[in-house]
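*Asks:* This is the content of final.csv (CSV, C-alpha atoms and all ligand atoms):
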```csv
chain,number,residue,atom,x,y,z
A,1,MET,CA,-13.4,17.1,-4.1
A,2,SER,CA,-13.8,19.8,-1.5
A,3,THR,CA,-11.1,22.2,-0.6
A,4,VAL,CA,-11.2,21.1,3.0
A,5,THR,CA,-9.9,17.7,2.3
A,6,GLN,CA,-7.7,18.6,-0.6
A,7,LEU,CA,-4.0,18.9,0.2
A,8,SER,CA,-1.5,20.9,-1.7
A,9,ARG,CA,1.6,19.0,-1.6
A,10,ARG,CA,4.9,19.1,-3.4
A,11,PRO,CA,5.8,15.9,-5.3
A,12,SER,CA,7.6,13.4,-3.1
A,13,VAL,CA,9.5,10.1,-3.4
A,14,LEU,CA,9.8,7.2,-1.0
A,15,ARG,CA,12.9,5.2,-2.0
A,16,MET,CA,15.0,2.3,-0.9
A,17,ALA,CA,18.6,2.2,-2.2
A,18,ASP,CA,20.3,-1.1,-2.5
A,19,GLY,CA,18.3,-2.4,0.5
A,20,GLY,CA,18.7,-5.9,1.9
A,21,ILE,CA,17.7,-8.1,4.8
A,22,HIS,CA,18.6,-11.6,5.6
A,23,PHE,CA,17.1,-14.1,8.1
A,24,ASP,CA,19.4,-16.8,9.3
A,25,GLY,CA,21.4,-16.9,6.0
A,26,VAL,CA,18.3,-16.5,3.8
A,27,LYS,CA,18.6,-13.4,1.7
A,28,ALA,CA,14.9,-12.4,1.7
A,29,VAL,CA,15.8,-9.1,0.0
A,30,ASP,CA,19.1,-8.8,-1.7
A,31,GLY,CA,20.1,-5.3,-3.0
A,32,VAL,CA,16.8,-4.0,-4.1
A,33,SER,CA,16.4,-0.4,-5.3
A,34,ILE,CA,12.8,0.8,-5.6
A,35,GLU,CA,11.0,4.1,-5.5
A,36,VAL,CA,7.4,5.1,-5.2
A,37,ARG,CA,6.3,8.6,-6.4
A,38,SER,CA,3.5,10.6,-5.0
A,39,GLY,CA,0.2,10.2,-6.9
A,40,GLU,CA,1.2,6.8,-8.4
A,41,VAL,CA,0.4,3.2,-7.6
A,42,LEU,CA,3.5,1.0,-7.9
A,43,GLY,CA,2.7,-2.7,-8.1
A,44,LEU,CA,5.2,-4.9,-6.3
A,45,ILE,CA,4.8,-8.4,-7.8
A,46,GLY,CA,6.7,-11.7,-7.8
A,47,PRO,CA,6.2,-15.4,-6.9
A,48,ASN,CA,5.7,-16.7,-3.4
A,49,GLY,CA,8.7,-16.0,-1.2
A,50,SER,CA,10.3,-13.5,-3.6
A,51,GLY,CA,10.6,-10.8,-0.9
A,52,LYS,CA,7.5,-8.6,-1.5
A,53,THR,CA,6.3,-8.4,2.1
A,54,SER,CA,9.9,-8.0,3.3
A,55,THR,CA,10.5,-5.1,0.9
A,56,LEU,CA,7.3,-3.5,2.1
A,57,ASN,CA,8.4,-4.0,5.7
A,58,LEU,CA,11.8,-2.4,5.1
A,59,LEU,CA,10.1,0.7,3.7
A,60,SER,CA,7.6,0.9,6.5
A,61,GLY,CA,10.2,0.4,9.2
A,62,MET,CA,8.7,-2.9,10.5
A,63,LEU,CA,12.0,-4.5,9.5
A,64,ARG,CA,15.4,-2.8,9.7
A,65,ALA,CA,17.5,-3.1,6.7
A,66,THR,CA,20.8,-5.1,7.1
A,67,SER,CA,22.2,-3.2,4.1
A,68,GLY,CA,21.2,-0.2,2.0
A,69,SER,CA,19.1,2.8,3.0
A,70,ILE,CA,15.6,4.2,3.0
A,71,TRP,CA,14.8,7.8,1.9
A,72,LEU,CA,11.8,10.1,2.0
A,73,ASP,CA,13.0,12.7,-0.5
A,74,ASP,CA,16.3,13.8,0.9
A,75,GLU,CA,15.6,12.7,4.5
A,76,ASN,CA,17.3,9.5,5.6
A,77,LEU,CA,14.7,7.2,7.3
A,78,THR,CA,16.9,4.1,7.5
A,79,ARG,CA,17.1,4.3,11.4
A,80,HIS,CA,13.6,5.6,11.9
A,81,SER,CA,11.1,3.3,13.6
A,82,MET,CA,7.8,2.4,12.1
A,83,ARG,CA,6.1,5.0,14.3
A,84,GLN,CA,8.5,7.8,13.3
A,85,ARG,CA,7.9,6.9,9.7
A,86,ALA,CA,4.2,6.9,10.2
A,87,ARG,CA,4.5,10.4,11.6
A,88,LYS,CA,6.2,11.5,8.4
A,89,GLY,CA,3.3,10.1,6.5
A,90,VAL,CA,4.6,6.7,5.5
A,91,VAL,CA,1.8,4.3,6.6
A,92,ARG,CA,1.3,0.6,6.1
A,93,THR,CA,-1.8,-1.5,6.7
A,94,PHE,CA,-1.9,-5.0,8.1
A,95,GLN,CA,-3.3,-8.0,6.3
A,96,SER,CA,-5.8,-8.8,9.0
A,97,GLY,CA,-7.0,-5.2,9.1
A,98,ARG,CA,-7.0,-3.2,12.3
A,99,VAL,CA,-10.5,-1.8,13.0
A,100,PHE,CA,-12.7,-1.3,16.1
A,101,GLY,CA,-15.3,-4.1,16.1
A,102,ARG,CA,-17.8,-2.2,18.2
A,103,LEU,CA,-17.7,0.9,16.1
A,104,THR,CA,-19.6,1.3,12.8
A,105,VAL,CA,-17.7,1.6,9.6
A,106,ARG,CA,-18.4,5.3,9.5
A,107,GLU,CA,-17.2,5.8,13.1
A,108,ASN,CA,-14.1,3.8,12.3
A,109,VAL,CA,-13.1,6.0,9.4
A,110,GLU,CA,-14.0,9.2,11.2
A,111,ALA,CA,-12.0,8.2,14.3
A,112,ALA,CA,-9.0,7.7,12.1
A,113,ALA,CA,-9.4,11.2,10.6
A,114,LEU,CA,-9.9,12.8,14.0
A,115,GLY,CA,-6.9,10.8,15.4
A,116,ALA,CA,-4.8,12.3,12.6
A,117,GLY,CA,-5.7,15.7,13.9
A,118,MET,CA,-8.5,16.8,11.6
A,119,ARG,CA,-11.3,19.1,12.9
A,120,ARG,CA,-14.7,17.4,13.3
A,121,GLY,CA,-16.3,19.0,10.2
A,122,ALA,CA,-13.4,18.3,7.9
A,123,ALA,CA,-13.1,14.7,9.3
A,124,ARG,CA,-16.8,14.1,8.6
A,125,GLU,CA,-16.5,15.4,5.1
A,126,LEU,CA,-13.4,13.3,4.3
A,127,THR,CA,-15.1,10.3,5.8
A,128,GLU,CA,-18.1,10.6,3.4
A,129,GLU,CA,-15.7,10.9,0.5
A,130,ILE,CA,-13.8,7.9,1.4
A,131,LEU,CA,-16.9,5.8,2.1
A,132,GLU,CA,-18.2,6.7,-1.3
A,133,GLU,CA,-14.9,6.1,-3.1
A,134,LEU,CA,-14.4,2.7,-1.5
A,135,GLN,CA,-18.0,1.8,-1.9
A,136,LEU,CA,-18.6,1.3,1.8
A,137,GLU,CA,-21.7,3.5,2.0
A,138,GLY,CA,-24.0,0.4,2.0
A,139,VAL,CA,-22.3,-0.8,5.2
A,140,ALA,CA,-21.5,2.5,6.8
A,141,GLU,CA,-23.9,2.0,9.7
A,142,ASP,CA,-22.8,-1.7,10.3
A,143,ARG,CA,-20.5,-2.4,13.2
A,144,ALA,CA,-17.1,-3.6,11.9
A,145,GLU,CA,-17.5,-6.9,13.8
A,146,GLN,CA,-20.5,-7.7,11.6
A,147,LEU,CA,-18.6,-7.3,8.3
A,148,THR,CA,-17.1,-10.0,6.0
A,149,ALA,CA,-13.3,-10.3,6.1
A,150,GLY,CA,-13.0,-8.5,2.8
A,151,ARG,CA,-15.1,-5.5,4.1
A,152,VAL,CA,-13.0,-5.4,7.2
A,153,ARG,CA,-9.9,-5.1,5.1
A,154,THR,CA,-11.5,-2.4,3.0
A,155,THR,CA,-12.5,-0.5,6.2
A,156,ALA,CA,-8.9,-0.8,7.4
A,157,ILE,CA,-7.7,0.8,4.1
A,158,ALA,CA,-10.4,3.5,4.5
A,159,ARG,CA,-9.0,4.2,8.0
A,160,ALA,CA,-5.4,4.4,6.6
A,161,LEU,CA,-6.6,6.8,3.9
A,162,ALA,CA,-8.4,9.0,6.4
A,163,ALA,CA,-5.0,9.7,8.1
A,164,ARG,CA,-4.1,11.3,4.7
A,165,PRO,CA,-0.7,9.5,4.3
A,166,ARG,CA,1.9,10.7,1.9
A,167,PHE,CA,2.7,7.1,1.1
A,168,LEU,CA,0.5,4.1,1.7
A,169,LEU,CA,2.0,0.6,1.7
A,170,LEU,CA,-0.5,-2.2,1.1
A,171,ASP,CA,0.2,-5.9,1.4
A,172,GLU,CA,-2.3,-7.8,-0.8
A,173,PRO,CA,-5.3,-5.6,0.0
A,174,ALA,CA,-7.6,-7.6,-2.2
A,175,ALA,CA,-6.6,-11.0,-0.8
A,176,GLY,CA,-9.6,-13.4,-0.9
A,177,GLN,CA,-11.6,-11.3,-3.3
A,178,ASN,CA,-12.3,-12.3,-6.9
A,179,GLU,CA,-10.5,-10.5,-9.8
A,180,THR,CA,-13.4,-8.1,-10.5
A,181,GLU,CA,-13.6,-7.0,-6.8
A,182,ALA,CA,-9.8,-6.8,-6.6
A,183,VAL,CA,-9.7,-4.5,-9.7
A,184,GLU,CA,-12.5,-2.4,-8.3
A,185,LEU,CA,-10.8,-1.9,-4.9
A,186,ILE,CA,-7.4,-1.1,-6.4
A,187,THR,CA,-8.9,1.3,-8.9
A,188,ALA,CA,-10.7,3.1,-6.1
A,189,ILE,CA,-7.4,3.3,-4.1
A,190,ARG,CA,-5.7,4.6,-7.2
A,191,GLY,CA,-8.3,7.4,-7.7
A,192,PHE,CA,-7.8,8.4,-4.1
A,193,ALA,CA,-4.0,8.4,-4.5
A,194,GLN,CA,-4.0,10.5,-7.7
A,195,ARG,CA,-6.4,13.1,-6.3
A,196,ARG,CA,-4.5,13.6,-3.1
A,197,ALA,CA,-0.9,13.1,-4.3
A,198,CYS,CA,-0.5,10.0,-2.2
A,199,GLY,CA,2.0,7.4,-3.4
A,200,VAL,CA,0.9,3.8,-3.1
A,201,LEU,CA,3.1,0.7,-2.9
A,202,LEU,CA,0.8,-2.3,-3.6
A,203,VAL,CA,1.9,-5.9,-3.1
A,204,GLU,CA,-0.2,-8.2,-5.2
A,205,HIS,CA,0.7,-11.6,-6.7
A,206,ASP,CA,-1.9,-11.7,-9.4
A,207,MET,CA,-0.5,-10.3,-12.7
A,208,SER,CA,-3.8,-9.7,-14.3
A,209,VAL,CA,-5.0,-7.6,-11.4
A,210,VAL,CA,-2.0,-5.3,-11.4
A,211,MET,CA,-1.9,-4.9,-15.2
A,212,GLY,CA,-4.8,-2.5,-15.5
A,213,THR,CA,-4.6,-0.9,-12.1
A,214,CYS,CA,-1.0,0.1,-11.5
A,215,ASP,CA,1.0,2.9,-13.1
A,216,ARG,CA,4.2,1.0,-12.9
A,217,LEU,CA,5.3,-2.5,-11.8
A,218,HIS,CA,8.4,-3.7,-9.9
A,219,VAL,CA,9.0,-7.5,-10.2
A,220,LEU,CA,11.0,-9.5,-7.6
A,221,ASP,CA,12.3,-13.0,-7.8
A,222,SER,CA,14.4,-14.6,-5.1
A,223,GLY,CA,14.8,-11.3,-3.3
A,224,ARG,CA,16.1,-9.5,-6.4
A,225,THR,CA,14.7,-7.0,-8.9
A,226,VAL,CA,13.9,-8.6,-12.3
A,227,ILE,CA,12.5,-5.4,-13.9
A,228,GLU,CA,10.7,-2.2,-13.1
A,229,GLY,CA,8.6,-0.4,-15.7
A,230,GLU,CA,5.3,0.2,-17.3
A,231,PRO,CA,2.9,-2.7,-17.1
A,232,ALA,CA,2.9,-3.5,-20.8
A,233,ALA,CA,6.7,-3.6,-21.0
A,234,VAL,CA,6.9,-5.7,-17.9
A,235,ARG,CA,4.4,-8.3,-19.1
A,236,SER,CA,6.3,-8.8,-22.3
A,237,ASP,CA,9.7,-9.2,-20.6
A,238,PRO,CA,11.1,-12.7,-21.3
A,239,GLN,CA,12.3,-13.2,-17.7
A,240,VAL,CA,8.9,-12.2,-16.3
A,241,ILE,CA,7.2,-14.6,-18.8
A,242,GLU,CA,9.5,-17.3,-17.6
A,243,ILE,CA,8.8,-16.6,-13.9
A,244,TYR,CA,5.0,-16.2,-14.3
A,245,PHE,CA,4.1,-18.6,-17.1
A,246,GLY,CA,7.2,-20.7,-17.9
A,247,LYS,CA,6.6,-23.4,-15.4
A,248,ARG,CA,3.2,-24.1,-16.7
A,249,HIS,CA,4.2,-24.8,-20.3
A,301,LIG,N1,10.7,-13.5,9.8
A,301,LIG,C1,11.3,-14.3,8.9
A,301,LIG,N2,12.2,-15.3,9.4
A,301,LIG,C2,12.8,-16.1,8.5
A,301,LIG,N3,12.6,-16.1,7.2
A,301,LIG,C3,11.7,-15.2,6.7
A,301,LIG,C4,11.0,-14.2,7.5
A,301,LIG,N4,10.3,-13.4,6.7
A,301,LIG,C5,10.4,-13.9,5.5
A,301,LIG,N5,11.3,-14.9,5.4
A,301,LIG,C6,11.8,-15.6,4.2
A,301,LIG,O1,12.2,-14.6,3.3
A,301,LIG,C7,11.8,-14.9,2.0
A,301,LIG,C8,10.9,-13.8,1.5
A,301,LIG,O2,9.7,-13.7,2.2
A,301,LIG,P1,8.5,-12.7,1.9
A,301,LIG,O3,7.5,-12.9,3.0
A,301,LIG,O4,9.1,-11.3,1.9
A,301,LIG,O5,8.0,-13.1,0.5
A,301,LIG,P2,6.7,-12.7,-0.3
A,301,LIG,O6,7.1,-12.4,-1.7
A,301,LIG,O7,5.9,-11.7,0.5
A,301,LIG,O8,5.9,-14.1,-0.3
A,301,LIG,P3,4.3,-14.4,-0.4
A,301,LIG,O9,3.9,-14.2,-1.8
A,301,LIG,O10,4.2,-15.8,0.0
A,301,LIG,O11,3.6,-13.4,0.5
A,301,LIG,C9,11.1,-16.2,2.1
A,301,LIG,O12,12.0,-17.2,1.8
A,301,LIG,C10,10.6,-16.3,3.5
A,301,LIG,O13,10.6,-17.7,3.9
A,302,MG,MG,4.0,-11.7,1.3
```
The structure in this file should be written as structure tokens.
Ligand SMILES: Nc1ncnc2c1ncn2[C@@H]1O[C@H](COP(=O)(O)OP(=O)(O)OP(=O)(O)O)[C@@H](O)[C@H]1O
Ligand SMILES: [Mg+2]
*Replies:*
Amino acid sequence: MSTVTQLSRRPSVLRMADGGIHFDGVKAVDGVSIEVRSGEVLGLIGPNGSGKTSTLNLLSGMLRATSGSIWLDDENLTRHSMRQRARKGVVRTFQSGRVFGRLTVRENVEAAALGAGMRRGAARELTEEILEELQLEGVAEDRAEQLTAGRVRTTAIARALAARPRFLLLDEPAAGQNETEAVELITAIRGFAQRRACGVLLVEHDMSVVMGTCDRLHVLDSGRTVIEGEPAAVRSDPQVIEIYFGKRH
């Protein structure tokens, strides 16, 4: 990786302490403490409706916590808007993927780098690296509006990476892709995160996809933490087995 695009950063932690949110009496997230460290991919998993997206939204500022607090190292972000958090480097992507349809994939990524304040030469260099890492080179000259839904999502992730976030929050980035494609995409994101000391929170419902691609896992059920730890330890946890496999046996 070139020195132009490499950032020297001190290690950092994005953290929610005892956070909660309820909607009309439904406790979507109920006293969850979770932390993402720079350079790691933390997989946030759990059954449908367990509070994964809500937790991600609490961290990004899309939702305001009704209890608990959000921290970037020792800075309290609890009252910060999504825009203020993005300025601090806490960035989320949207499931539909926000891209400019008329621009090519390359132009989309470069525009994001320029928009984040990079000089043209450095923006170009970073764009090439990201296109290569996310295997978008083959469609680099295609307009975004011509892409498949999966490629649009990958382009949106590429744009988010081009802004060089300190923390990137991804809600099911591999939705609609098969397991091999999902593993490839997440592995590429992980490589990027490790090399640039970016922390990634990755929401994903498929246990087999997160097993080999995440550094640590945090499991939710009914808005509460079941366990957080290394993938192997999480998979053999009796409560996790019950949640994920119990109903089928
Ligand atoms: N805006 C909202 N208004 C009312 N209830 C909501 C809202 N958002 C989420 N909920 C409820 O909160 C709970 C958690 O939802 P959330 O979307 O966070 O779960 P999830 O784990 O992301 O689910 P999925 O796997 O289906 O994406 C669910 O019971 C859901 O119906
Ligand atoms: Mg969700």
*Asks:* Could you give me, as a list in words, every polymer residue with an atom at most 8 Å away from an atom of ligand MG 302 (chain A), counting only C-alpha atoms and all ligand atoms?
*Replies:*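 So, counting only C-alpha atoms and all ligand atoms, the residues near ligand MG 302 (chain A) are Asn48, Gly49, Gly51, Lys52, Thr53, Ser54, Asp171, Glu172 and Val203 of chain A.
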*Asks:* Rank A:Ser222, A:Gln135, A:Thr66, A:Gln146 by their smallest atom-to-atom distance to ligand LIG 301 (chain A), using all atoms listed in the file, and report the top residue only.
*Replies:*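 Counting all atoms listed in the file, the residue closest to ligand LIG 301 (chain A) is A:Ser222.
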*Asks:* What does the list of residues within 12 Å of ligand LIG 301 (chain A) look like if you count only C-alpha atoms and all ligand atoms, written as an MDAnalysis selection string?
*Replies:* chainID A and resid 20:30 44:58 62:64 95 170:173 175 202:206 219:225
*Asks:* Show which residues sit within 6 Å of Leu168 (chain A), as an MDAnalysis selection string. Count all atoms listed in the file, and ignore same-chain residues fewer than 5 positions away.
*Replies:* chainID A and resid 91:92 200
*Asks:* Write a file of the selected residues as a PDB file, in the coordinates of the input, keeping C-alpha atoms.
*Replies:*
```pdb
ATOM      1  CA  VAL A  91       1.800   4.300   6.600  1.00  0.00           C
ATOM      2  CA  ARG A  92       1.300   0.600   6.100  1.00  0.00           C
ATOM      3  CA  VAL A 200       0.900   3.800  -3.100  1.00  0.00           C
TER       4      VAL A 200
END
```
*Asks:* What is the distance, in Å and to one decimal place, between CA of Ser38 (chain A) and CA of Glu179 (chain A)?
*Replies:*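 Value for the CA of Ser38 (chain A)-CA of Glu179 (chain A) distance: 25.8 Å.
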*Asks:* Would you list the contacts of region 210-218 of chain A as a PyMOL selection string, taking every protein, DNA or RNA residue within 9 Å and counting only C-alpha atoms, but skipping same-chain residues closer than 4 positions in sequence?
*Replies:* chain A and resi 34+40-46+183-184+186-187+190+202+204-206+225-232+234-235
*Asks:* Between CA of Ile241 (chain A) and CA of Met207 (chain A), measure the distance and give it in Å to one decimal.
*Replies:* 10.7 Å
*Asks:* A:Val240, A:Val90, A:Ile70, A:Ala158: which is nearest Ala188 (chain A), counting all atoms listed in the file?
*Replies:* A:Ala158
*Asks:* If we count all atoms listed in the file and set the cut-off at 6 Å, which residues sit around Met82 (chain A), ignoring sequence neighbours fewer than 2 positions away in its own chain? Please answer as number ranges by chain.
*Replies:* A: 60-62, 84-85
*Asks:* Show me, as a list in words, the residues that have an atom within 6 Å of Ala17 (chain A) when counting all atoms listed in the file, minus same-chain residues fewer than 4 positions from it.
*Replies:*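 Within the cut-off, the hits are Ser33, Gly68 and Ser69 of chain A.
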*Asks:* Work out how far CA of Ile189 (chain A) is from CA of Val152 (chain A), in Å to one decimal.
*Replies:* 15.3 Å
*Asks:* Could you check which of A:Gly121, A:Gly89, A:Gly176, A:Gly246 is closest to Gly150 (chain A), using only C-alpha atoms?
*Replies:*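 Closest residue, counting only C-alpha atoms: A:Gly176.
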